file input-v6.pdb (PDB, C-alpha atoms)
ATOM      1  CA  MET B   6    -102.985 200.447 131.998
ATOM      2  CA  PHE B   7    -102.222 203.873 130.517
ATOM      3  CA  GLU B   8     -98.554 203.303 129.795
ATOM      4  CA  TYR B   9     -99.023 203.304 126.014
ATOM      5  CA  ILE B  10    -102.171 205.374 125.475
ATOM      6  CA  THR B  11    -101.951 209.028 124.498
ATOM      7  CA  ALA B  12    -104.065 211.829 125.897
ATOM      8  CA  ALA B  13    -105.856 212.066 122.546
ATOM      9  CA  GLU B  14    -106.858 208.413 122.800
ATOM     10  CA  VAL B  15    -108.103 208.875 126.355
ATOM     11  CA  GLU B  16    -110.137 211.877 125.246
ATOM     12  CA  ARG B  17    -111.605 209.926 122.322
ATOM     13  CA  CYS B  18    -112.753 207.156 124.672
ATOM     14  CA  LEU B  19    -114.302 209.567 127.161
ATOM     15  CA  ILE B  20    -116.159 211.451 124.416
ATOM     16  CA  ALA B  21    -117.574 208.157 123.133
ATOM     17  CA  MET B  22    -118.651 207.134 126.631
ATOM     18  CA  ALA B  23    -120.274 210.527 127.237
ATOM     19  CA  LYS B  24    -122.208 210.184 123.973
ATOM     20  CA  LEU B  25    -123.407 206.731 124.996
ATOM     21  CA  ASP B  26    -124.534 208.080 128.370
ATOM     22  CA  ILE B  27    -126.526 210.809 126.617
ATOM     23  CA  ILE B  28    -128.251 208.174 124.481
ATOM     24  CA  LEU B  29    -129.011 205.770 127.316
ATOM     25  CA  VAL B  30    -129.815 208.211 130.128
ATOM     26  CA  PRO B  31    -132.281 211.051 129.337
ATOM     27  CA  LYS B  32    -131.319 214.645 130.086
ATOM     28  CA  LYS B  33    -133.843 214.866 132.935
ATOM     29  CA  SER B  34    -131.889 212.096 134.674
ATOM     30  CA  ALA B  35    -128.423 213.391 133.738
ATOM     31  CA  TRP B  36    -127.269 213.042 137.349
ATOM     32  CA  LEU B  37    -127.332 209.270 136.795
ATOM     33  CA  ARG B  38    -124.815 209.425 133.945
ATOM     34  CA  THR B  39    -121.338 208.036 134.523
ATOM     35  CA  VAL B  40    -119.436 210.373 132.179
ATOM     36  CA  ALA B  41    -119.917 214.050 131.351
ATOM     37  CA  PHE B  42    -117.835 215.901 128.767
ATOM     38  CA  SER B  43    -117.666 219.646 128.131
ATOM     39  CA  LYS B  44    -115.584 222.383 126.502
ATOM     40  CA  GLU B  45    -114.592 225.214 128.823
ATOM     41  CA  ASN B  46    -112.495 228.286 127.980
ATOM     42  CA  GLY B  47    -109.893 226.704 125.737
ATOM     43  CA  HIS B  48    -109.776 223.283 127.360
ATOM     44  CA  ARG B  49    -111.895 220.167 127.523
ATOM     45  CA  ARG B  50    -113.064 218.502 130.710
ATOM     46  CA  ALA B  51    -114.459 215.030 131.341
ATOM     47  CA  VAL B  52    -115.825 213.889 134.686
ATOM     48  CA  VAL B  53    -116.367 210.239 135.534
ATOM     49  CA  ASP B  54    -118.573 209.751 138.607
ATOM     50  CA  ASN B  55    -119.471 206.252 139.775
ATOM     51  CA  GLY B  56    -122.192 207.513 142.095
ATOM     52  CA  SER B  57    -120.489 205.993 145.133
ATOM     53  CA  GLY B  58    -118.286 208.905 146.166
ATOM     54  CA  ASP B  59    -115.442 208.257 143.734
ATOM     55  CA  SER B  60    -114.552 210.409 140.734
ATOM     56  CA  LEU B  61    -112.076 210.918 137.924
ATOM     57  CA  ILE B  62    -111.483 214.292 136.260
ATOM     58  CA  ALA B  63    -109.689 214.465 132.911
ATOM     59  CA  LEU B  64    -108.446 217.799 131.566
ATOM     60  CA  PHE B  65    -107.240 218.233 127.990
ATOM     61  CA  THR B  66    -105.470 221.209 126.444
ATOM     62  CA  ASP B  67    -103.476 221.727 123.252
ATOM     63  CA  SER B  68    -100.251 221.277 125.235
ATOM     64  CA  GLY B  69    -101.080 218.347 127.486
ATOM     65  CA  ALA B  70    -103.512 216.504 129.700
ATOM     66  CA  MET B  71    -104.082 215.604 133.341
ATOM     67  CA  LEU B  72    -106.006 212.823 135.052
ATOM     68  CA  LYS B  73    -106.803 213.207 138.734
ATOM     69  CA  GLY B  74    -108.900 210.891 140.797
ATOM     70  CA  PHE B  75    -110.542 210.614 144.178
ATOM     71  CA  ASP B  76    -111.112 207.225 145.798
ATOM     72  CA  HIS B  77    -112.978 207.827 149.039
ATOM     73  CA  GLU B  78    -111.805 204.472 150.451
ATOM     74  CA  SER B  79    -108.123 205.177 149.792
ATOM     75  CA  GLU B  80    -105.803 205.780 152.723
ATOM     76  CA  LEU B  81    -104.707 208.890 150.831
ATOM     77  CA  ASN B  82    -108.164 210.476 151.225
ATOM     78  CA  GLN B  83    -107.383 213.484 153.400
ATOM     79  CA  PHE B  84    -111.015 213.828 154.496
ATOM     80  CA  ALA B  85    -110.664 210.489 156.308
ATOM     81  CA  ALA B  86    -107.182 211.182 157.690
ATOM     82  CA  ASP B  87    -106.570 211.652 161.396
ATOM     83  CA  GLU B  88    -104.960 214.982 160.532
ATOM     84  CA  TRP B  89    -105.304 216.999 157.314
ATOM     85  CA  ASP B  90    -101.973 217.150 155.443
ATOM     86  CA  ASN B  91    -101.643 220.063 153.017
ATOM     87  CA  GLY B  92     -98.194 218.763 152.160
ATOM     88  CA  PHE B  93     -99.832 215.743 150.511
ATOM     89  CA  PHE B  94    -101.332 217.971 147.819
ATOM     90  CA  GLU B  95     -98.076 219.856 147.343
ATOM     91  CA  ARG B  96     -96.269 216.561 146.781
ATOM     92  CA  ILE B  97     -98.852 214.917 144.558
ATOM     93  CA  TYR B  98     -99.184 217.990 142.295
ATOM     94  CA  SER B  99     -95.466 218.787 142.219
ATOM     95  CA  GLY B 100     -94.323 219.043 138.616
ATOM     96  CA  VAL B 101     -97.794 219.361 137.134
ATOM     97  CA  PRO B 102     -97.668 222.104 134.461
ATOM     98  CA  GLU B 103     -99.251 225.275 135.805
ATOM     99  CA  ALA B 104    -101.400 225.553 132.663
ATOM    100  CA  LEU B 105    -103.142 222.349 133.765
ATOM    101  CA  LYS B 106    -103.158 222.898 137.515
ATOM    102  CA  ILE B 107    -104.898 226.278 137.275
ATOM    103  CA  LEU B 108    -107.872 224.522 135.653
ATOM    104  CA  LEU B 109    -108.669 222.815 138.958
ATOM    105  CA  SER B 110    -110.823 224.386 141.637
ATOM    106  CA  GLU B 111    -109.882 224.224 145.316
ATOM    107  CA  ASP B 112    -112.490 221.489 145.783
ATOM    108  CA  ASP B 113    -111.023 219.553 142.845
ATOM    109  CA  ILE B 114    -107.610 219.618 144.503
ATOM    110  CA  ASP B 115    -108.919 218.661 147.949
ATOM    111  CA  ASN B 116    -110.748 215.713 146.375
ATOM    112  CA  THR B 117    -107.571 214.048 145.115
ATOM    113  CA  THR B 118    -105.952 210.721 145.908
ATOM    114  CA  PHE B 119    -103.881 210.421 142.717
ATOM    115  CA  CYS B 120    -102.792 212.647 139.827
ATOM    116  CA  MET B 121    -100.988 211.942 136.541
ATOM    117  CA  TRP B 122    -100.213 214.062 133.504
ATOM    118  CA  CYS B 123     -98.527 213.993 130.101
ATOM    119  CA  SER B 124     -97.535 216.358 127.322
ATOM    120  CA  ASN B 125     -99.503 216.470 124.074
ATOM    121  CA  GLY B 126     -98.805 213.505 121.807
ATOM    122  CA  SER B 127     -96.948 211.545 124.477
ATOM    123  CA  ALA B 128     -98.000 208.158 125.802
ATOM    124  CA  VAL B 129     -95.744 208.584 128.846
ATOM    125  CA  TRP B 130     -97.753 209.611 131.904
ATOM    126  CA  GLU B 131     -95.951 211.166 134.845
ATOM    127  CA  GLN B 132     -96.998 210.706 138.446
ATOM    128  CA  ASN B 133     -95.658 211.466 141.911
ATOM    129  CA  GLU B 134     -96.066 208.253 143.872
ATOM    130  CA  GLU B 135     -97.428 208.438 147.429
ATOM    131  CA  PRO B 136     -96.547 205.212 149.279
ATOM    132  CA  ALA B 137     -99.338 204.023 151.541
ATOM    133  CA  ASP B 138     -99.061 200.270 152.037
ATOM    134  CA  ASP B 139     -99.576 199.475 148.335
ATOM    135  CA  ASP B 140    -102.449 201.974 148.097
ATOM    136  CA  ASP B 141    -102.306 203.606 144.635
ATOM    137  CA  GLY B 142    -104.940 206.198 145.512
ATOM    138  CA  GLY B 143    -107.565 204.372 143.482
ATOM    139  CA  ARG B 144    -105.628 204.918 140.253
ATOM    140  CA  ASP B 145    -106.136 201.483 138.694
ATOM    141  CA  PHE B 146    -109.690 201.259 140.009
ATOM    142  CA  LEU B 147    -110.754 204.632 138.579
ATOM    143  CA  LEU B 148    -108.847 204.358 135.301
ATOM    144  CA  GLY B 149    -110.700 201.085 134.835
ATOM    145  CA  TYR B 150    -113.807 203.163 134.128
ATOM    146  CA  VAL B 151    -112.184 204.461 130.928
ATOM    147  CA  HIS B 152    -113.119 201.774 128.407
ATOM    148  CA  GLN B 153    -110.575 201.867 125.597
ATOM    149  CA  THR B 154    -112.596 199.803 123.109
ATOM    150  CA  ALA B 155    -116.214 199.407 122.081
ATOM    151  CA  GLU B 156    -116.031 195.751 123.125
ATOM    152  CA  SER B 157    -114.866 196.707 126.613
ATOM    153  CA  TRP B 158    -117.668 199.230 126.971
ATOM    154  CA  CYS B 159    -120.271 196.685 125.811
ATOM    155  CA  ASP B 160    -119.000 194.132 128.333
ATOM    156  CA  TRP B 161    -119.308 196.724 131.107
ATOM    157  CA  ALA B 162    -122.729 197.952 129.918
ATOM    158  CA  LYS B 163    -124.102 194.393 129.822
ATOM    159  CA  TYR B 164    -123.414 194.211 133.552
ATOM    160  CA  TYR B 165    -124.284 197.818 134.434
ATOM    161  CA  TYR B 166    -127.495 198.183 132.398
ATOM    162  CA  GLU B 167    -128.326 194.468 132.431
ATOM    163  CA  GLN B 168    -128.750 194.251 128.671
ATOM    164  CA  GLU B 169    -126.718 193.835 125.511
ATOM    165  CA  TYR B 170    -126.084 196.590 122.976
ATOM    166  CA  ASP B 171    -125.411 196.629 119.234
ATOM    167  CA  LEU B 172    -121.624 196.452 119.010
ATOM    168  CA  SER B 173    -121.556 197.899 115.477
ATOM    169  CA  VAL B 174    -123.241 201.106 116.672
ATOM    170  CA  VAL B 175    -120.959 201.389 119.693
ATOM    171  CA  GLU B 176    -117.938 200.887 117.414
ATOM    172  CA  LYS B 177    -119.253 203.694 115.204
ATOM    173  CA  ILE B 178    -119.450 205.997 118.207
ATOM    174  CA  TYR B 179    -115.950 205.021 119.366
ATOM    175  CA  SER B 180    -114.569 205.751 115.895
ATOM    176  CA  GLY B 181    -115.895 209.313 116.109
ATOM    177  CA  THR B 182    -118.248 208.842 113.168
ATOM    178  CA  ALA B 183    -121.449 210.875 113.381
ATOM    179  CA  VAL B 184    -124.403 208.801 114.525
ATOM    180  CA  SER B 185    -127.928 208.994 113.108
ATOM    181  CA  ALA B 186    -131.308 208.836 114.791
ATOM    182  CA  ASP B 187    -131.597 205.250 113.542
ATOM    183  CA  ASP B 188    -128.287 204.362 115.222
ATOM    184  CA  ILE B 189    -129.499 205.832 118.489
ATOM    185  CA  LEU B 190    -132.777 203.924 118.360
ATOM    186  CA  LYS B 191    -130.864 200.674 117.831
ATOM    187  CA  LEU B 192    -129.247 201.285 121.214
ATOM    188  CA  ASP B 193    -132.341 202.573 122.977
ATOM    189  CA  PRO B 194    -135.717 202.433 121.187
ATOM    190  CA  LYS B 195    -137.232 204.643 123.923
ATOM    191  CA  CYS B 196    -134.666 207.429 123.487
ATOM    192  CA  ASN B 197    -135.712 210.828 122.157
ATOM    193  CA  ALA B 198    -133.200 210.636 119.320
ATOM    194  CA  GLU B 199    -133.489 214.259 118.211
ATOM    195  CA  GLU B 200    -132.953 215.498 121.759
ATOM    196  CA  ALA B 201    -129.935 213.192 122.138
ATOM    197  CA  LEU B 202    -128.436 214.362 118.842
ATOM    198  CA  GLN B 203    -128.868 217.989 119.898
ATOM    199  CA  GLU B 204    -127.199 217.376 123.262
ATOM    200  CA  ILE B 205    -124.319 215.509 121.597
ATOM    201  CA  ALA B 206    -123.842 218.406 119.154
ATOM    202  CA  GLU B 207    -123.722 220.891 122.037
ATOM    203  CA  MET B 208    -121.241 218.711 123.936
ATOM    204  CA  ILE B 209    -118.631 218.504 121.182
TER     205      ILE B 209
END
call {"tool": "encode", "arguments": {"input": "input-v6.pdb", "output": "structure tokens"}}
result
Amino acid sequence: MFEYITAAEVERCLIAMAKLDIILVPKKSAWLRTVAFSKENGHRRAVVDNGSGDSLIALFTDSGAMLKGFDHESELNQFAADEWDNGFFERIYSGVPEALKILLSEDDIDNTTFCMWCSNGSAVWEQNEEPADDDDGGRDFLLGYVHQTAESWCDWAKYYYEQEYDLSVVEKIYSGTAVSADDILKLDPKCNAEEALQEIAEMI
């Protein structure tokens, strides 16, 4: 899925999805959002949370990026293992640039079933495979939450939110073009557009 997509493209998609979440889910209910994006001390961080115990964390720096996921149903979930294996984390994070690894907390690392990384500008993602009877650690499942096109996001949203959205506005957001209050109201007439625009401005 990510064989030919650069870190910059992944980041663009996640920013667009975070903006859409801000528009569709009010700040008071932010815990219901699927994607959160923030800038933190020289790097950018996106968190995808499906609300069912699975998560994807994306870290972006000027030198490279890392994607690490946690699938609670994976056989690689150490919390469900008969015996905790610290060696699993040593193996799965082996080779990850230290500049990326230090951005993870201890909890982030413990909540890992797959990890992949690439250098800036590259579309080649590296990963240390952990064989477990064809269990990829939830990689394909979790990366499936990163919608690479506006059309893909709209197809998902039609199912998730049980309604259709204006594709032209979603395409505008995916292109990185600034959205207006009118654009926001086309997606959600009940949205506090000014509040959403302020939150989007603070996010990026």
call {"tool": "atom_distance", "arguments": {"input": "input-v6.pdb", "atom1": "CA of Ser79 in chain B", "atom2": "CA of Lys106 in chain B"}}
result
22.1 Å
call {"tool": "residues_around", "arguments": {"input": "input-v6.pdb", "residues": "range 46-57 of chain B", "least_positions_apart": "4", "cutoff": "12 Å", "atoms": "only C-alpha atoms", "output": "number ranges by chain"}}
result
B: 12-13, 15-24, 26, 35-42, 61-78, 104-105, 107-109, 113, 146-152, 165, 208-209
call {"tool": "closest_residue", "arguments": {"input": "input-v6.pdb", "among": "B:Ser173, B:Ser124, B:Gln203, B:Ser180", "to": "Gln153 in chain B", "atoms": "only C-alpha atoms"}}
result
B:Ser180
call {"tool": "atom_distance", "arguments": {"input": "input-v6.pdb", "atom1": "CA of Tyr170 in chain B", "atom2": "CA of Asp188 in chain B"}}
result
11.2 Å
call {"tool": "atom_distance", "arguments": {"input": "input-v6.pdb", "atom1": "CA of Cys159 in chain B", "atom2": "CA of Ala198 in chain B"}}
result
20.1 Å
call {"tool": "residues_around", "arguments": {"input": "input-v6.pdb", "residues": "Val184 in chain B", "least_positions_apart": "3", "cutoff": "10 Å", "atoms": "all atoms listed in the file", "output": "ChimeraX atom specification"}}
result
/B:24,174-175,177-178,181,187-189,202,205
call {"tool": "resolve_selection", "arguments": {"input": "input-v6.pdb", "expression": "the PyMOL selection byres ((chain B and resi 127) around 9)", "output": "list in words"}}
result
Tyr9, Ile10, Thr11, Ala12, Gly69, Cys123, Ser124, Asn125, Gly126, Ala128, Val129 and Trp130 of chain B
call {"tool": "resolve_selection", "arguments": {"input": "input-v6.pdb", "expression": "the PyMOL selection byres ((chain B and resi 97-102) around 9)", "output": "short mmCIF file (atom, residue, chain, number, x, y, z; two decimals) with C-alpha atoms, in the frame of the given file"}}
result
data_model
loop_
_atom_site.label_atom_id
_atom_site.label_comp_id
_atom_site.auth_asym_id
_atom_site.auth_seq_id
_atom_site.Cartn_x
_atom_site.Cartn_y
_atom_site.Cartn_z
CA GLY B 69 -101.08 218.35 127.49
CA MET B 71 -104.08 215.60 133.34
CA GLY B 92 -98.19 218.76 152.16
CA PHE B 93 -99.83 215.74 150.51
CA PHE B 94 -101.33 217.97 147.82
CA GLU B 95 -98.08 219.86 147.34
CA ARG B 96 -96.27 216.56 146.78
CA GLU B 103 -99.25 225.28 135.80
CA ALA B 104 -101.40 225.55 132.66
CA LEU B 105 -103.14 222.35 133.76
CA LYS B 106 -103.16 222.90 137.51
CA ILE B 107 -104.90 226.28 137.28
CA ILE B 114 -107.61 219.62 144.50
CA THR B 117 -107.57 214.05 145.12
CA THR B 118 -105.95 210.72 145.91
CA PHE B 119 -103.88 210.42 142.72
CA CYS B 120 -102.79 212.65 139.83
CA MET B 121 -100.99 211.94 136.54
CA TRP B 122 -100.21 214.06 133.50
CA CYS B 123 -98.53 213.99 130.10
CA GLU B 131 -95.95 211.17 134.84
CA GLN B 132 -97.00 210.71 138.45
CA ASN B 133 -95.66 211.47 141.91
CA GLU B 134 -96.07 208.25 143.87
CA GLU B 135 -97.43 208.44 147.43
#
